[in-house]
There are 6 protein chains.
Amino acid sequence: MRTILMIALVIALPLASLAQPEVPIEEWKGKTILLIGAHPDDDSYSMATLGILNANGNDVHIAILTTGNVGTLDPKLGMMDLALIRKQEEQAALATMGIPTDHYINLGYDDGMLEFEDKKEVVMKLVRLIRTIKPDVLFAFDPGKGGQRWHKADHRTSAYLSADAARAAMWPLMFQGQITLEGLEAHMVEEYILFDSADKDKDTFVDITGWEDRKIDAMSKYVSQFSSGWSDYKGPDLSEEEEKEVKSQLRKWIEYRNGIPVEGFRHYKGLPDNIGR
Amino acid sequence: MRTILMIALVIALPLASLAQPEVPIEEWKGKTILLIGAHPDDDSYSMATLGILNANGNDVHIAILTTGNVGTLDPKLGMMDLALIRKQEEQAALATMGIPTDHYINLGYDDGMLEFEDKKEVVMKLVRLIRTIKPDVLFAFDPGKGGQRWHKADHRTSAYLSADAARAAMWPLMFQGQITLEGLEAHMVEEYILFDSADKDKDTFVDITGWEDRKIDAMSKYVSQFSSGWSDYKGPDLSEEEEKEVKSQLRKWIEYRNGIPVEGFRHYKGLPDNIGR
Amino acid sequence: MRTILMIALVIALPLASLAQPEVPIEEWKGKTILLIGAHPDDDSYSMATLGILNANGNDVHIAILTTGNVGTLDPKLGMMDLALIRKQEEQAALATMGIPTDHYINLGYDDGMLEFEDKKEVVMKLVRLIRTIKPDVLFAFDPGKGGQRWHKADHRTSAYLSADAARAAMWPLMFQGQITLEGLEAHMVEEYILFDSADKDKDTFVDITGWEDRKIDAMSKYVSQFSSGWSDYKGPDLSEEEEKEVKSQLRKWIEYRNGIPVEGFRHYKGLPDNIGR
Amino acid sequence: MRTILMIALVIALPLASLAQPEVPIEEWKGKTILLIGAHPDDDSYSMATLGILNANGNDVHIAILTTGNVGTLDPKLGMMDLALIRKQEEQAALATMGIPTDHYINLGYDDGMLEFEDKKEVVMKLVRLIRTIKPDVLFAFDPGKGGQRWHKADHRTSAYLSADAARAAMWPLMFQGQITLEGLEAHMVEEYILFDSADKDKDTFVDITGWEDRKIDAMSKYVSQFSSGWSDYKGPDLSEEEEKEVKSQLRKWIEYRNGIPVEGFRHYKGLPDNIGR
Amino acid sequence: MRTILMIALVIALPLASLAQPEVPIEEWKGKTILLIGAHPDDDSYSMATLGILNANGNDVHIAILTTGNVGTLDPKLGMMDLALIRKQEEQAALATMGIPTDHYINLGYDDGMLEFEDKKEVVMKLVRLIRTIKPDVLFAFDPGKGGQRWHKADHRTSAYLSADAARAAMWPLMFQGQITLEGLEAHMVEEYILFDSADKDKDTFVDITGWEDRKIDAMSKYVSQFSSGWSDYKGPDLSEEEEKEVKSQLRKWIEYRNGIPVEGFRHYKGLPDNIGR
Amino acid sequence: MRTILMIALVIALPLASLAQPEVPIEEWKGKTILLIGAHPDDDSYSMATLGILNANGNDVHIAILTTGNVGTLDPKLGMMDLALIRKQEEQAALATMGIPTDHYINLGYDDGMLEFEDKKEVVMKLVRLIRTIKPDVLFAFDPGKGGQRWHKADHRTSAYLSADAARAAMWPLMFQGQITLEGLEAHMVEEYILFDSADKDKDTFVDITGWEDRKIDAMSKYVSQFSSGWSDYKGPDLSEEEEKEVKSQLRKWIEYRNGIPVEGFRHYKGLPDNIGR
């Protein structure tokens, strides 16, 4: 079966679909989903989509590369403090969306330093993750973002390394130790939802009608990032007044298309090698 | 002469030609051509063009960075097996096009790992190659591919390092050891044919009329890549039936413009520093 | 104050201005300006603008990453010779524009090798610079240049590392040693003038009327780069004839919009993280 | 308790014991033991000791850095073949000694390349291992081997990185992500058994009387390394004749002191920082 | 003069003195001294000697590579807290010895990570320091420590990089940017006092009679390192009782030879290349 | 044959000979010899031995890692000048000893920077050299020098990388690209002459009676290193007076044992892995 699929894929190589998924994302069932991001809040781009997928019986996993331990202007917080706060925020956000908090994986790198870590090692770890979780669909930062202007170093790095890892994971002869010694198998991710894409590249929009409030609730858990907690953290609970203000701001960030609330992505299906086509 | 040329180039710097070559590629004679690719089949993008150039009395050299030793899903093949198979495939393809098989150079890196090799060393080796072969024209992956979305890590790396090497090769004070100890001279590559370009960037199309079958024959030698050999390799010869099927598929990949079979490229002529303009 | 600004910025994050500066650059006063470039002549893109800013009472600093010590085809020049020549050329150009020559900082890297240096260290040094000079505005190579095709390795590297450093400098928990041991403070650069942008990205044009001759005079000091000195250096003074020819050429490089001589840039104001938006 | 121990250790710092363990190793009970080696047979130096410890109710874990996938002169074997063979050999040897085969951990690096891997990442992984297993005693290659002449690159690297990891593991502020995100705790290894020491440095000898045959049986499982299998591997079972010959050779390697069969080590107890004193 | 000295040194190369300094260290006057260490307390090995040298009219500078920001078991302390505490401790210790606190330089690296930093960059910075301060004598960790067994990674790294930097600093063609752009000159350090040497290598002992109490006072400032502050830091002042206990312990660490309190070193004078002979 | 030898070697592993070669070096015939050094004069340690071997019909090759391009205090010399001078000096020295000058190979690295180059790449190049020249005997810096105190960074690096390369060269599965694509074969170097050893480690002394003058003549060619040319280079020919002085000094460096002029080495024969035993 797989062999036939492979041959088919090879033969079909230049025809790799860039269009909408055959089945709308809102209707997916029984898929395994892995999201790779840089910081414990990078699921914000697809928060409602993840919630919908989870609710529909898909198995959603969130892997974050850094602990987010430098993202504060509050002089009272040290790196360990912030790492712990952001872990709790991430788990609270996932819980709000109904996603099991033990589906949250963090690779433990220092925030802001991802660009300087050994790239072969980060890719090797992401390959291990892909070969372990065996996702049908990978959610990742879009490596083709915005005409590729510079953007946030960790996001850029996360985008590239996710794509590189997806590519490497399918080859049994790459990172062989995982196969011979750890008992994993090569795994090809065939479908991709790329987030934080340039507007002109977004080709797939998930209708999140009915999930707006829950998304806002979830994102409001990122108190250290999206509130005055950024410069003066006072704990996970905002004052009633500020919570209202923050949610009001978060509500403004929701994207609409033809009056429908959406989350927009670039979709890709095919050989990992051709993500960039 | 060179001095005058140089001054002229400096003065003319912002005017570097992005247009078609003055003499159509089909009519070039007596030029030295160097192609740099990542895998032993990356000459596929320009296979007919290389054949035409060779037939017209140009001196064509093919330098490939990796041995291609992980590109299989066939569990029977180890890395050494695949490296040997792909060497033979590459040489068979070149022979089909009439290009001397000893014009094939391979730098011996492991497939899929180019991104992680020491970039200074790879550039140094490519500079040595450029200073040794002294090409008039460099064929390379287009570093400006497709709005620069991510594509196959080895291709991206090959694109960047080729451009970086072309730039470095012209300066006598870079990689001095090659000049003082190895007796090489600085060399400026003045013309570039960039392949695997984004469609919108292709500005030069080589008419390959009459060379289609030979191109297909050559590409059909890559049995481990473009046939069921990808997942179940049974030797360099395909069954009659599969050979027919593979060639039929390869034929579909031929690009046509106004009914004429072509290979399309981005052309650049001028200071290496300005390839990206 | 800062705290409030920060909250405001966070709240306003997706609205970061990509438009013209509120006050035209020609009218800025009392600002601290830092330019980061790769070579001792990379201020050419903004030479007149820097002169105008300096004349208007802004504090202009020029930081160059490499000594420019391989940029010659003159076999008589060694690396030390060229480094010294280019230092003097840079200082002469700045003096011509009225900028204090001791505002010229050079990080001392070898020309052409920036791509291969340890990026964490280069960023750390640029962060130190930003935290020391505390610029209101950063001039830097545009990391979003031209659809991001490859361009000159040092320029590309300078672009990326400048943006990365601007981002890192604002976080007190990054490169902590500068804060705890060297007594520096985190500093957020809020405004950016990006040079060498793609034409389509230029959105800000400084009227340099009245400064054309001075710009040409300043640029004509780069004898080792913009004259026959490139291949046969005979000292900082050109023959009367060649000086005339060089200036005539330099004059042709001046950009005009609606008949007005300008220098064109991409302008950005907001959180460093969003430069690429 | 720990605090008091720490203070005691600090105060006692220059007095760190280099002598024999207070309780002879043969009598240890209830300890957690971690061995770090480079190849799947590096437990040979301490095979009987490990067996004795395991039999006496200690919890023995074996962590090997590489898969051992290049250690053959048999042209029939590829890297994946050899990795699998050596995994089975290692597990067979442990089983022979009564040690649970699932106490065998392999980090999956390529054999012979450890020196070239990113050292920070390898140390980070070993620190994770130490913080997870929390060994009372670490078995490792002696970093002070033999007047420190060069020896086998992987062994040297394994020695240094093991010592570096033991040192780092005790500090909560190093590799913080393991603590904040993975829920591990800093752990100080207080006792060390260093193997492959120079003869003059061996100060601790374990009496392996009664375990000689079992040690020889265990080591004879390493067919790909200690038999004609090195150049012509024919499977895990040797001919009766060769098995006899191999065992006879292995028997000669057993070390005797005063007529007693022993395994000799350098012992160290105290702050990890002082291993080298 | 220098030239003649150089020739003399070359001719005398194999005769480089390993004996005692010609003039006893206690009698040195007017020399410039630079100490390079890894942590803010690594001057402890030579604390009294530095005090004596300073009192005798020598110019003493202390350069420390890391901020010491992980050396605590106190969970209340973050990295920034500890860095600030250790800076104050270092300055208090120097003040106690009469050494100007602004002679304290810190390169700002993270503690425990020196082994993983880019070694070329660290050497380049130490070379800059040597060329700026132009020491007659370098105090450094002994790179030949103790038969070279492993010791504390930062110390080992500091030892090697100090020796490498001393060697590089003398060559005008190394790190040329410092000379061409920063106006520094090559500088050869001709004399070395190596601390933390193996006992068998110590050949030079400074009589510190009369300085014992002051040394103990100075070292007792390192409250976060040499007291219960290691695990429970309560500020720079110890209780009377604990201060007494700590000083009593520190007193025990003073080394005596023939009843005389000393600090012992390996002394070397000659070409930096031969430090290891 | 080889297989049998291999088995014999494995079986004999702990018995690897550290004694004198079976046949005295002075009587060797028909062997292929490769020397690896760091600088173009590192053959000085074994100059007469190489001359004797060459005269006796052995095939002697000299491979030097760096061009030696920073080893001068003469401000008149740039890096390219010095590289050319030292190439000529090396060739003149070899010619004096009767060794063909085209047996001189230089890998072209910058002097003083070897420690900072990518070690995997340097080892890969040395492995290629070993597999091409297939030496019976390798001459190299002793990696076990002098209790392993620090010595000249390039020498130390050359020592380690030579040993690492010798080890790697024997395994067909290491650096496979050389075997699959370049047609080389794995090669085991079985015998080693290690130079610049600590006195206590020298166990093999070559009687150079009759070759002293020629050795001195050869070494006197290194004018830029062993004469006033070090600080004031005036060309390859010394004044008669200085030549006399230099040779008189060089004569003093000749080592005598029992009145016989010798060159002393550490000899090793056996598996490369055990060089350090």
# chains A, B, ... in the order shown; residues from 1 in each chain; ligands from 1
>>> interface_residues(of="chain B", to="chain A", cutoff="10 Å", atoms="only C-alpha atoms", output="compact mmCIF listing (two decimals) with N, CA and C atoms, in the first residue's frame")
# COMPACT_ATOMS: atom_id res chain seq x y z
N ASN B 69 23.03 9.51 -0.84
CA ASN B 69 22.97 8.19 -0.21
C ASN B 69 21.85 7.95 0.78
N VAL B 70 20.88 8.87 0.88
CA VAL B 70 19.72 8.52 1.71
C VAL B 70 18.41 8.51 0.94
N GLY B 71 18.45 8.85 -0.32
CA GLY B 71 17.23 9.04 -1.09
C GLY B 71 16.55 7.75 -1.54
N THR B 72 16.17 6.92 -0.61
CA THR B 72 15.46 5.69 -0.98
C THR B 72 14.49 5.30 0.13
N LEU B 73 13.44 4.63 -0.27
CA LEU B 73 12.54 4.02 0.72
C LEU B 73 12.65 2.51 0.66
N ASP B 74 13.63 2.02 -0.08
CA ASP B 74 13.84 0.58 -0.19
C ASP B 74 14.65 0.10 1.01
N PRO B 75 14.03 -0.70 1.88
CA PRO B 75 14.76 -1.13 3.08
C PRO B 75 15.94 -2.05 2.78
N LEU B 77 18.32 -1.36 0.76
CA LEU B 77 19.50 -0.58 0.39
C LEU B 77 20.12 0.14 1.58
N GLY B 78 21.43 -0.02 1.77
CA GLY B 78 22.19 0.76 2.74
C GLY B 78 22.74 2.01 2.07
N MET B 79 23.41 2.84 2.86
CA MET B 79 23.91 4.09 2.32
C MET B 79 24.98 3.88 1.25
N ASP B 110 27.25 13.56 2.73
CA ASP B 110 26.06 12.73 2.93
C ASP B 110 24.81 13.50 2.52
N ASP B 111 23.95 12.83 1.84
CA ASP B 111 22.66 13.37 1.40
C ASP B 111 21.83 13.81 2.62
N GLY B 112 21.14 14.92 2.46
CA GLY B 112 20.21 15.37 3.50
C GLY B 112 20.88 16.09 4.65
N MET B 113 22.20 16.13 4.67
CA MET B 113 22.95 16.71 5.78
C MET B 113 23.70 17.98 5.38
N GLU B 115 22.88 21.01 4.89
CA GLU B 115 22.55 22.17 5.72
C GLU B 115 23.37 22.19 7.02
N PHE B 116 23.79 21.02 7.46
CA PHE B 116 24.47 20.94 8.76
C PHE B 116 25.99 20.87 8.63
N GLU B 117 26.51 20.80 7.42
CA GLU B 117 27.97 20.77 7.26
C GLU B 117 28.54 22.16 7.52
N LYS B 145 14.68 31.40 -5.51
CA LYS B 145 13.55 30.52 -5.81
C LYS B 145 12.24 30.93 -5.15
N GLY B 146 11.27 31.15 -5.98
CA GLY B 146 9.86 31.16 -5.58
C GLY B 146 9.49 32.04 -4.41
N GLY B 147 9.95 33.28 -4.40
CA GLY B 147 9.59 34.10 -3.26
C GLY B 147 10.27 33.55 -2.03
N GLN B 148 11.15 32.64 -2.28
CA GLN B 148 12.05 32.10 -1.26
C GLN B 148 11.33 31.30 -0.18
N ARG B 149 10.19 30.76 -0.51
CA ARG B 149 9.63 29.82 0.46
C ARG B 149 10.63 28.71 0.69
N TRP B 150 10.45 28.02 1.73
CA TRP B 150 11.34 26.91 2.00
C TRP B 150 11.24 25.89 0.87
N HIS B 151 12.34 25.36 0.43
CA HIS B 151 12.27 24.15 -0.37
C HIS B 151 13.40 23.23 0.04
N LYS B 152 13.28 22.02 -0.27
CA LYS B 152 14.24 20.95 0.01
C LYS B 152 15.56 21.48 0.57
N ALA B 153 15.87 21.16 1.80
CA ALA B 153 17.00 21.78 2.47
C ALA B 153 18.29 21.72 1.66
N ASP B 154 18.60 20.59 1.05
CA ASP B 154 19.84 20.47 0.30
C ASP B 154 19.85 21.40 -0.91
N HIS B 155 18.71 21.58 -1.55
CA HIS B 155 18.64 22.47 -2.72
C HIS B 155 18.87 23.91 -2.29
N ALA B 198 11.66 30.13 -9.68
CA ALA B 198 10.22 30.34 -9.67
C ALA B 198 9.78 30.68 -11.09
N GLN B 225 15.35 6.83 -8.48
CA GLN B 225 14.62 8.04 -8.11
C GLN B 225 13.27 8.18 -8.83
N PHE B 226 13.24 7.81 -10.10
CA PHE B 226 12.04 8.11 -10.90
C PHE B 226 11.31 6.85 -11.35
N SER B 227 11.25 5.84 -10.49
CA SER B 227 10.54 4.61 -10.86
C SER B 227 10.19 3.88 -9.57
N SER B 228 9.67 2.70 -9.71
CA SER B 228 9.37 1.89 -8.52
C SER B 228 10.66 1.56 -7.76
N GLY B 229 11.81 1.80 -8.41
CA GLY B 229 13.09 1.60 -7.74
C GLY B 229 13.24 2.46 -6.50
N TRP B 230 12.41 3.46 -6.39
CA TRP B 230 12.46 4.34 -5.22
C TRP B 230 12.14 3.56 -3.94
N SER B 231 11.22 2.60 -4.08
CA SER B 231 10.86 1.84 -2.88
C SER B 231 11.24 0.37 -2.99
N ASP B 232 11.59 -0.07 -4.20
CA ASP B 232 11.95 -1.48 -4.37
C ASP B 232 12.91 -1.59 -5.55
N GLU B 245 6.21 3.24 -18.99
CA GLU B 245 5.40 4.06 -18.10
C GLU B 245 6.21 5.25 -17.55
N VAL B 246 7.44 4.95 -17.14
CA VAL B 246 8.30 6.00 -16.57
C VAL B 246 8.57 7.06 -17.64
N GLN B 249 5.74 9.28 -18.22
CA GLN B 249 5.61 10.28 -17.16
C GLN B 249 6.66 11.38 -17.34
N LEU B 250 7.89 10.99 -17.62
CA LEU B 250 8.96 11.99 -17.79
C LEU B 250 8.62 12.94 -18.94
N TRP B 253 6.64 15.86 -18.04
CA TRP B 253 7.32 16.93 -17.29
C TRP B 253 7.98 17.96 -18.21
>>> select_by_dssp(residues="range 45-226 of chain E", states="strand (DSSP E or B)", output="count of residues only")
28
>>> atom_distance(atom1="CA of Asp217 in chain C", atom2="CA of Leu138 in chain C")
24.6 Å
>>> residues_around(residues="Thr209 in chain A", least_positions_apart="5", cutoff="8 Å", atoms="only C-alpha atoms", output="PyMOL selection string")
chain A and resi 260-262
>>> write_last_selection(atoms="N, CA and C atoms", output="mmCIF file, in the first residue's frame")
data_model
loop_
_atom_site.group_PDB
_atom_site.id
_atom_site.type_symbol
_atom_site.label_atom_id
_atom_site.label_comp_id
_atom_site.auth_asym_id
_atom_site.auth_seq_id
_atom_site.Cartn_x
_atom_site.Cartn_y
_atom_site.Cartn_z
ATOM 1 N N ILE A 260 -17.585 36.095 8.294
ATOM 2 C CA ILE A 260 -17.447 34.856 9.073
ATOM 3 C C ILE A 260 -16.104 34.882 9.815
ATOM 4 N N PRO A 261 -16.108 34.559 11.106
ATOM 5 C CA PRO A 261 -14.835 34.519 11.833
ATOM 6 C C PRO A 261 -14.016 33.312 11.376
ATOM 7 N N VAL A 262 -12.755 33.554 11.088
ATOM 8 C CA VAL A 262 -11.920 32.465 10.537
ATOM 9 C C VAL A 262 -10.519 32.476 11.169
#
>>> residues_around(residues="range 29-43 of chain C", least_positions_apart="6", cutoff="8 Å", atoms="only C-alpha atoms", output="PyMOL selection string")
chain C and resi 53+56-68+86-87+89-90+111+130+133-141+154-155+158+162+219+222
>>> closest_residue(among="C:Val123, C:Lys234, C:Ile254, C:Gly51", to="Pro100 in chain C", atoms="only C-alpha atoms")
C:Gly51
>>> atom_distance(atom1="CA of Glu27 in chain B", atom2="CA of Tyr45 in chain B")
19.2 Å
